[in-house]
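So this one's final36.cif, mmCIF, C-alpha atoms:
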data_query
#
loop_
_atom_site.label_atom_id
_atom_site.label_comp_id
_atom_site.auth_asym_id
_atom_site.auth_seq_id
_atom_site.Cartn_x
_atom_site.Cartn_y
_atom_site.Cartn_z
CA MET A 401 0.00 0.00 0.00
CA LEU A 402 2.80 2.41 0.94
CA ARG A 403 4.45 1.76 -2.42
CA LYS A 404 1.42 3.24 -4.15
CA LEU A 405 2.00 6.55 -2.40
CA SER A 406 4.12 9.24 -4.03
CA LEU A 407 7.57 9.97 -2.58
CA PRO A 408 6.42 13.28 -0.99
CA ALA A 409 3.52 11.44 0.67
CA ARG A 410 5.83 8.77 2.10
CA ILE A 411 8.18 11.46 3.38
CA TRP A 412 5.19 13.22 4.97
CA LEU A 413 4.27 10.03 6.84
CA ILE A 414 7.82 9.77 8.19
CA LEU A 415 7.73 13.45 9.21
CA MET A 416 4.45 12.89 11.10
CA ALA A 417 5.90 9.86 12.86
CA LEU A 418 9.04 11.76 13.86
CA THR A 419 6.91 14.63 15.20
CA GLY A 420 4.99 12.15 17.34
CA LEU A 421 8.27 10.66 18.57
CA SER A 422 9.60 14.06 19.62
CA ILE A 423 6.42 14.71 21.66
CA VAL A 424 6.73 11.34 23.38
CA LEU A 425 10.39 12.06 24.07
CA ALA A 426 9.56 15.50 25.48
CA GLU A 427 6.93 14.15 27.86
CA GLN A 428 8.18 10.80 28.97
CA LEU A 429 11.91 10.46 29.00
CA GLY A 430 13.48 10.96 32.41
CA LEU A 431 17.00 11.77 31.31
CA ARG A 432 16.93 15.45 30.44
CA ALA A 433 20.21 15.54 28.49
CA VAL A 434 19.20 12.58 26.34
CA ALA A 435 15.73 13.99 25.76
CA VAL A 436 16.99 17.46 24.77
CA ALA A 437 19.56 15.99 22.39
CA GLY A 438 16.94 13.59 21.03
CA ILE A 439 14.38 16.32 20.39
CA PHE A 440 16.80 18.48 18.42
CA LEU A 441 18.27 15.51 16.54
CA ILE A 442 14.74 14.54 15.50
CA ALA A 443 14.17 18.14 14.36
CA ALA A 444 17.40 17.92 12.36
CA ALA A 445 16.34 14.61 10.81
CA LYS A 446 13.02 16.17 9.79
CA ALA A 447 14.77 19.21 8.32
CA GLU A 448 17.15 16.90 6.42
CA LEU A 449 14.16 15.00 4.97
CA VAL A 450 12.50 18.26 3.88
CA MET A 451 15.73 19.57 2.36
CA ARG A 452 16.58 16.37 0.51
CA HIS A 453 13.16 15.26 -0.69
CA TYR A 454 10.99 18.41 -0.84
CA MET A 455 13.61 21.02 -1.69
CA GLU A 456 15.53 18.43 -3.78
CA LEU A 457 18.81 19.77 -2.47
CA GLY A 458 20.70 16.83 -3.97
CA LEU A 459 19.65 17.87 -7.48
CA THR A 460 21.02 21.40 -7.31
CA GLU A 461 24.63 22.60 -7.42
CA ARG A 462 26.93 20.80 -5.01
CA TYR A 463 27.97 23.92 -3.15
CA TRP A 464 24.36 24.52 -2.05
CA LEU A 465 24.22 20.97 -0.72
CA ILE A 466 27.40 21.60 1.27
CA MET A 467 26.34 25.01 2.60
CA TYR A 468 22.83 23.94 3.60
CA SER A 469 24.20 20.79 5.24
CA ILE A 470 26.68 22.89 7.22
CA TRP A 471 23.84 25.21 8.32
CA LEU A 472 21.83 22.22 9.49
CA ALA A 473 24.77 20.75 11.43
CA VAL A 474 25.65 24.11 13.03
CA VAL A 475 22.10 24.97 14.10
CA THR A 476 21.55 21.48 15.54
CA MET A 477 24.81 21.44 17.52
CA MET A 478 24.21 24.98 18.70
CA LEU A 479 20.72 24.18 20.00
CA VAL A 480 21.78 20.94 21.71
CA ILE A 481 24.87 22.45 23.36
CA GLY A 482 23.03 25.70 24.18
CA HIS A 483 20.34 23.81 26.08
CA LEU A 484 22.71 21.48 27.90
CA LEU A 485 25.22 24.04 29.16
CA MET B 1203 24.60 26.47 -14.13
CA ALA B 1204 21.04 25.15 -13.92
CA GLU B 1205 19.66 28.66 -14.19
CA ASN B 1206 21.84 29.39 -17.20
CA ASP B 1207 20.72 26.18 -18.91
CA ARG B 1208 17.12 27.22 -18.50
CA ARG B 1209 17.74 30.75 -19.71
CA GLU B 1210 19.48 29.52 -22.82
CA ASN B 1211 16.86 26.92 -23.55
CA PRO B 1212 13.68 27.74 -21.63
CA ASP B 1213 11.69 24.92 -23.19
CA GLY B 1214 14.46 22.37 -22.85
CA PRO B 1215 14.75 19.62 -20.24
CA HIS B 1216 14.47 20.69 -16.63
CA VAL B 1217 17.78 20.93 -14.75
CA GLY B 1218 17.72 21.23 -10.94
CA PRO B 1219 15.03 22.82 -8.76
CA GLY B 1220 14.71 26.62 -8.42
CA THR B 1221 17.05 29.42 -9.42
CA ASN B 1222 20.35 30.37 -7.83
CA GLY B 1223 18.67 33.57 -6.67
CA ILE B 1224 16.17 31.78 -4.42
CA TRP B 1225 18.81 29.41 -3.03
CA THR B 1226 20.93 32.46 -2.11
CA PHE B 1227 18.00 34.38 -0.61
CA VAL B 1228 16.88 31.41 1.48
CA PHE B 1229 20.41 30.75 2.70
CA ILE B 1230 20.88 34.37 3.82
CA ASP B 1231 17.53 34.21 5.63
CA MET B 1232 18.64 30.97 7.30
CA ILE B 1233 21.79 32.67 8.55
CA VAL B 1234 19.70 35.54 9.96
CA PHE B 1235 17.54 33.07 11.92
CA LEU B 1236 20.63 31.18 13.07
CA MET B 1237 21.86 34.45 14.57
CA PHE B 1238 18.52 34.97 16.34
CA PHE B 1239 18.75 31.43 17.74
CA LEU B 1240 22.29 32.12 18.94
CA VAL B 1241 21.30 35.34 20.74
CA TYR B 1242 18.25 33.56 22.20
CA LEU B 1243 20.48 30.79 23.60
CA THR B 1244 22.92 33.33 25.03
CA GLU B 1245 20.11 35.18 26.80
CA ARG B 1246 18.56 31.90 27.93
CA HIS B 1247 21.87 30.99 29.55
CA ARG B 1248 22.06 34.40 31.25
CA LEU B 1249 18.42 34.50 32.43
CA HIS B 1250 17.83 30.78 32.79
CA ASP B 1251 15.16 30.85 35.52
CA VAL B 1252 13.17 33.60 33.80
CA PHE B 1253 13.19 31.69 30.50
CA VAL B 1254 12.23 28.36 32.09
CA GLU B 1255 9.36 29.89 34.05
CA ALA B 1256 8.12 31.75 30.95
CA GLN B 1257 8.31 28.63 28.75
CA HIS B 1258 5.91 26.87 31.10
CA ARG B 1259 3.33 29.52 30.18
CA LEU B 1260 3.30 28.45 26.53
CA THR B 1261 0.87 25.89 25.13
CA PRO B 1262 2.85 23.19 23.27
CA TRP B 1263 -0.24 21.46 21.84
CA VAL B 1264 -1.18 24.64 19.95
CA ALA B 1265 2.32 24.76 18.49
CA LEU B 1266 2.07 21.04 17.72
CA LEU B 1267 -1.02 21.73 15.58
CA SER B 1268 0.95 24.45 13.79
CA THR B 1269 3.79 21.97 13.19
CA LEU B 1270 1.45 19.37 11.71
CA ALA B 1271 -0.21 22.01 9.52
CA LEU B 1272 3.10 23.34 8.15
CA LEU B 1273 4.53 19.86 7.51
CA THR B 1274 1.37 18.86 5.66
CA SER B 1275 1.37 22.13 3.74
CA SER B 1276 4.97 21.44 2.70
CA TRP B 1277 3.93 18.04 1.38
CA CYS B 1278 1.10 19.67 -0.63
CA MET B 1279 3.59 22.17 -2.05
CA ALA B 1280 5.97 19.37 -3.09
CA GLU B 1281 3.08 17.58 -4.82
CA ALA B 1282 2.12 20.84 -6.59
CA VAL B 1283 5.68 21.20 -7.94
CA HIS B 1284 5.62 17.61 -9.22
CA ALA B 1285 2.21 18.25 -10.82
CA ALA B 1286 3.53 21.41 -12.50
CA ARG B 1287 6.44 19.45 -13.98
CA ARG B 1288 4.09 16.92 -15.54
CA ASN B 1289 1.89 19.76 -16.81
CA ALA B 1290 -1.24 19.02 -14.80
CA PRO B 1291 -2.74 22.46 -14.00
CA ALA B 1292 -5.85 21.12 -12.24
CA ALA B 1293 -3.70 19.08 -9.86
CA VAL B 1294 -1.41 22.07 -9.32
CA ARG B 1295 -4.38 24.22 -8.31
CA ASN B 1296 -5.77 21.54 -5.98
CA TRP B 1297 -2.47 20.95 -4.19
CA LEU B 1298 -1.84 24.70 -3.89
CA THR B 1299 -5.35 25.18 -2.47
CA CYS B 1300 -4.55 22.58 0.21
CA ALA B 1301 -1.21 24.28 0.93
CA LEU B 1302 -2.98 27.64 1.26
CA LEU B 1303 -5.70 26.30 3.56
CA LEU B 1304 -3.11 24.76 5.85
CA GLY B 1305 -1.14 28.01 5.82
CA ALA B 1306 -4.35 29.83 6.77
CA PHE B 1307 -4.84 27.33 9.59
CA PHE B 1308 -1.32 28.11 10.84
CA ILE B 1309 -2.08 31.85 10.78
CA ALA B 1310 -5.42 31.40 12.57
CA ASN B 1311 -3.71 29.21 15.15
CA LYS B 1312 -1.05 31.86 15.67
CA PHE B 1313 -3.70 34.56 16.14
CA ILE B 1314 -5.38 32.39 18.79
CA GLU B 1315 -2.04 31.82 20.50
CA TYR B 1316 -1.08 35.52 20.47
CA GLY B 1317 -4.61 36.47 21.54
CA GLY B 1318 -4.34 34.15 24.54
CA LYS B 1319 -1.01 35.68 25.52
CA PHE B 1320 -2.28 39.25 25.24
CA ALA B 1321 -5.42 38.31 27.20
CA ASP B 1322 -3.14 37.02 29.98
CA GLY B 1323 -1.30 40.33 29.95
CA ILE B 1324 1.78 38.85 28.25
CA THR B 1325 3.49 41.17 25.78
CA PRO B 1326 7.00 41.41 24.26
CA ALA B 1327 7.88 43.69 27.19
CA THR B 1328 6.92 41.12 29.85
CA ASN B 1329 10.40 39.62 30.09
CA GLY B 1330 13.41 38.54 28.00
CA PHE B 1331 11.87 35.24 26.97
CA PHE B 1332 8.70 36.79 25.63
CA THR B 1333 10.69 39.41 23.72
CA PHE B 1334 12.36 36.55 21.83
CA TYR B 1335 9.15 34.54 21.65
CA PHE B 1336 7.28 37.37 19.89
CA LEU B 1337 10.30 38.37 17.78
CA ILE B 1338 11.14 34.89 16.47
CA THR B 1339 7.58 33.61 16.03
CA GLY B 1340 6.51 37.02 14.66
CA LEU B 1341 9.23 37.06 12.02
CA HIS B 1342 8.39 33.48 11.12
CA PHE B 1343 4.70 34.45 10.95
CA LEU B 1344 5.55 37.21 8.45
CA HIS B 1345 7.43 34.64 6.34
CA VAL B 1346 4.34 32.42 6.36
CA CYS B 1347 2.17 35.37 5.24
CA GLY B 1348 4.65 36.20 2.45
CA GLY B 1349 4.78 32.57 1.34
CA MET B 1350 0.99 32.43 1.17
CA VAL B 1351 0.89 35.48 -1.10
CA PHE B 1352 3.38 33.76 -3.45
CA ILE B 1353 1.43 30.49 -3.35
CA GLY B 1354 -1.77 32.39 -4.08
CA HIS B 1355 -0.13 33.98 -7.10
CA CYS B 1356 1.06 30.57 -8.36
CA ARG B 1357 -2.43 29.17 -7.89
CA ALA B 1358 -4.03 32.06 -9.77
CA SER B 1359 -1.66 31.75 -12.72
CA ALA B 1360 -1.65 27.92 -12.89
CA ALA B 1361 -4.38 27.57 -15.51
CA ALA B 1362 -2.79 30.04 -17.90
CA GLU B 1363 0.91 29.31 -17.34
CA ALA B 1364 1.31 25.71 -16.12
CA GLY B 1365 3.52 23.69 -18.40
CA THR B 1366 5.82 26.57 -19.34
CA ALA B 1367 9.42 26.65 -18.15
CA ASN B 1368 8.81 30.01 -16.49
CA TYR B 1369 5.91 28.68 -14.44
CA THR B 1370 7.85 25.59 -13.39
CA SER B 1371 10.73 27.77 -12.29
CA LYS B 1372 8.34 30.10 -10.43
CA ILE B 1373 6.53 27.36 -8.54
CA GLU B 1374 9.84 25.68 -7.67
CA ASN B 1375 11.11 28.95 -6.21
CA VAL B 1376 7.93 29.45 -4.20
CA GLY B 1377 8.14 25.82 -3.07
CA LEU B 1378 11.72 26.27 -1.89
CA PHE B 1379 10.72 29.33 0.12
CA TRP B 1380 7.74 27.48 1.64
CA HIS B 1381 9.87 24.48 2.64
CA PHE B 1382 12.41 26.83 4.19
CA VAL B 1383 9.62 28.39 6.30
CA ASP B 1384 8.72 24.84 7.36
CA ILE B 1385 12.33 24.02 8.28
CA LEU B 1386 12.59 27.13 10.46
CA TRP B 1387 9.49 26.07 12.36
CA LEU B 1388 10.91 22.57 12.83
CA PHE B 1389 13.59 24.18 15.05
CA ILE B 1390 11.49 26.99 16.57
CA PHE B 1391 8.91 24.47 17.83
CA PRO B 1392 11.25 22.41 20.06
CA MET B 1393 13.39 25.42 21.01
CA LEU B 1394 10.51 27.52 22.39
CA TYR B 1395 7.80 25.00 23.24
CA LEU B 1396 9.23 21.56 23.97
CA THR B 1397 12.41 21.87 26.01
CA GLU B 1398 10.63 22.80 29.23
CA VAL B 1399 7.91 20.20 28.89
CA LEU B 1400 10.69 17.89 30.10
#
Whole structure, structure tokens version:
Amino acid sequence: MLRKLSLPARIWLILMALTGLSIVLAEQLGLRAVAVAGIFLIAAAKAELVMRHYMELGLTERYWLIMYSIWLAVVTMMLVIGHLL
Amino acid sequence: MAENDRRENPDGPHVGPGTNGIWTFVFIDMIVFLMFFLVYLTERHRLHDVFVEAQHRLTPWVALLSTLALLTSSWCMAEAVHAARRNAPAAVRNWLTCALLLGAFFIANKFIEYGGKFADGITPATNGFFTFYFLITGLHFLHVCGGMVFIGHCRASAAAEAGTANYTSKIENVGLFWHFVDILWLFIFPMLYLTEVL
């Protein structure tokens, strides 16, 4: 059944599932450091999916792929470290 | 390169999504928001107790609805771009209508959220956290409004222009901007609303 769905639809399902996971992580996990890191890593994974499959970053010039990937890594690390300090 | 290919041969095969101009614009905007996040984190470190107390006054489920609406709207936008590439104007209009409705839901949700804050006497001047809360979500809100205007324009011109290289390029550019707005929210949501649910 999933194979009949378009690629954007399948990506949307994954994004919904990851959003649900981040809520569960925010409400239930006891270890604060793990939960904070997990929440922002899930956000990064969702952003990566949007960039790669919706923005089609892989199909454009390579330097955009590099620069956007660096932005994603920097913002994720910054948010994780900033909340754990 | 991709942009040049299209300029030289506008009816030729499609090469890469969007123009270099939109990729540059979006990247600069991303850097601006990264700076806002950095200053927010610095202030959060300095005024930790104020920020934590203030974050407990937010309503994460309202923001969750906004997240679901924007993610779904992004999917609709991606489908609209695919439909435009296969020259299906009716499908383009339908997907863009869905994207617009979900964008409108986000805006309505944001009005309800802001209205609740103002009713509780919370303004940007309340404390440091709420200054950033209104600044970051407000700027993002303006991006959503701008994106909806562009999507509305693409929807209005779909019947007449769909199938042309110019229209494909236009809807790809609007799509890239809309996905960027979505990506920003993917980080704003946990940063402002989720970290103190823990």
Mind telling me what the PyMOL selection byres ((chain A) within 6 of (chain B)) catches here, as number ranges by chain?
A: 408, 426-427, 443, 447, 454-455, 459-460, 482
Go ahead and dump the residues you just picked, C-alpha atoms, as a PDB file, keeping the file's coordinate frame.
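Done, and the output landed in result-v1.pdb:
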ATOM      1  CA  PRO A 408       6.420  13.280  -0.990  1.00  0.00           C
ATOM      2  CA  ALA A 426       9.560  15.500  25.480  1.00  0.00           C
ATOM      3  CA  GLU A 427       6.930  14.150  27.860  1.00  0.00           C
ATOM      4  CA  ALA A 443      14.170  18.140  14.360  1.00  0.00           C
ATOM      5  CA  ALA A 447      14.770  19.210   8.320  1.00  0.00           C
ATOM      6  CA  TYR A 454      10.990  18.410  -0.840  1.00  0.00           C
ATOM      7  CA  MET A 455      13.610  21.020  -1.690  1.00  0.00           C
ATOM      8  CA  LEU A 459      19.650  17.870  -7.480  1.00  0.00           C
ATOM      9  CA  THR A 460      21.020  21.400  -7.310  1.00  0.00           C
ATOM     10  CA  GLY A 482      23.030  25.700  24.180  1.00  0.00           C
TER      11      GLY A 482
END
Extract, using all atoms listed in the file, all DNA, RNA and protein residues at most 10 Å from B:Leu1304, discarding same-chain residues fewer than 2 positions from it, and format them as an mmCIF file with C-alpha atoms, in the coordinates of the input.
data_model
loop_
_atom_site.group_PDB
_atom_site.id
_atom_site.type_symbol
_atom_site.label_atom_id
_atom_site.label_comp_id
_atom_site.auth_asym_id
_atom_site.auth_seq_id
_atom_site.Cartn_x
_atom_site.Cartn_y
_atom_site.Cartn_z
ATOM 1 C CA SER B 1268 0.950 24.450 13.790
ATOM 2 C CA LEU B 1270 1.450 19.370 11.710
ATOM 3 C CA ALA B 1271 -0.210 22.010 9.520
ATOM 4 C CA LEU B 1272 3.100 23.340 8.150
ATOM 5 C CA LEU B 1273 4.530 19.860 7.510
ATOM 6 C CA THR B 1274 1.370 18.860 5.660
ATOM 7 C CA SER B 1275 1.370 22.130 3.740
ATOM 8 C CA SER B 1276 4.970 21.440 2.700
ATOM 9 C CA CYS B 1278 1.100 19.670 -0.630
ATOM 10 C CA LEU B 1298 -1.840 24.700 -3.890
ATOM 11 C CA THR B 1299 -5.350 25.180 -2.470
ATOM 12 C CA CYS B 1300 -4.550 22.580 0.210
ATOM 13 C CA ALA B 1301 -1.210 24.280 0.930
ATOM 14 C CA LEU B 1302 -2.980 27.640 1.260
ATOM 15 C CA ALA B 1306 -4.350 29.830 6.770
ATOM 16 C CA PHE B 1307 -4.840 27.330 9.590
ATOM 17 C CA PHE B 1308 -1.320 28.110 10.840
ATOM 18 C CA ILE B 1309 -2.080 31.850 10.780
ATOM 19 C CA ALA B 1310 -5.420 31.400 12.570
ATOM 20 C CA MET B 1350 0.990 32.430 1.170
#
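Ranking A:Ala473, A:Met416, A:Val424, A:Ala409 by their shortest atom-to-atom distance to A:Glu448, with only C-alpha atoms included, puts A:Ala473 first.
Of the listed residues (A:Ile423, A:Ala433, A:Leu418, A:Ile411), A:Ile411 comes nearest to A:Met451; the distances count all atoms listed in the file.
Comparing the minimum interatomic distances between A:Gly420 and each of A:Ile442, A:Leu449, A:Ala435, A:Leu485, counting only C-alpha atoms, we find that A:Ile442 sits nearest.
The two atoms in question, atom CA of B:Ile1224 and atom CA of A:Glu456, are spaced 13.4 Å apart.
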Quick check on the file I pasted: which residues fall under the PyMOL selection byres ((chain B and resi 1346) around 8)? Write them as a VMD selection string.
chain B and resid 1305 1309 1342 to 1345 1347 to 1350 1380 1383
To one decimal place in Å, what is the distance between atom CA of B:Asn1368 and atom CA of B:Asn1289?
12.4 Å
Enclose stretch 410-418 of chain A, meaning all of its atoms listed in the file, in a box aligned along x, y and z, pad it by 5 Å on each side, and list the centre and edge lengths in Å to one decimal, as lines of an AutoDock Vina configuration file.
center_x = 6.7
center_y = 11.1
center_z = 8.0
size_x = 14.8
size_y = 14.7
size_z = 21.8
Which neighbours of B:Ala1358 fall inside 12 Å, counting only C-alpha atoms, when residues of the same chain fewer than 2 positions from it are skipped, and could you give them as JSON, numbers by chain?
{"B": [1291, 1292, 1294, 1295, 1296, 1298, 1299, 1302, 1351, 1352, 1353, 1354, 1355, 1356, 1360, 1361, 1362, 1363, 1364, 1369, 1373]}
What residues come out when you apply the PyMOL selection byres ((chain B and resi 1255) around 12) to this file, written as an NGL selection string?
:B and (1246 or 1249-1254 or 1256-1260 or 1329-1332 or 1394-1395 or 1397-1399)
For atom CA of A:Leu479 and atom CA of A:Gln428, the interatomic separation in Å (one decimal)
20.4 Å
Within 9 Å of (19.2, 17.2, 22.6), all atoms listed in the file: residues as a PyMOL selection string?
(chain A and resi 432-442+476-477+479-481+483-484) or (chain B and resi 1397)
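For the choices A:Lys404, A:Tyr468, A:Met478, A:Ala417, the atom-to-atom distance to A:Arg452 is smallest for A:Tyr468 when using only C-alpha atoms.
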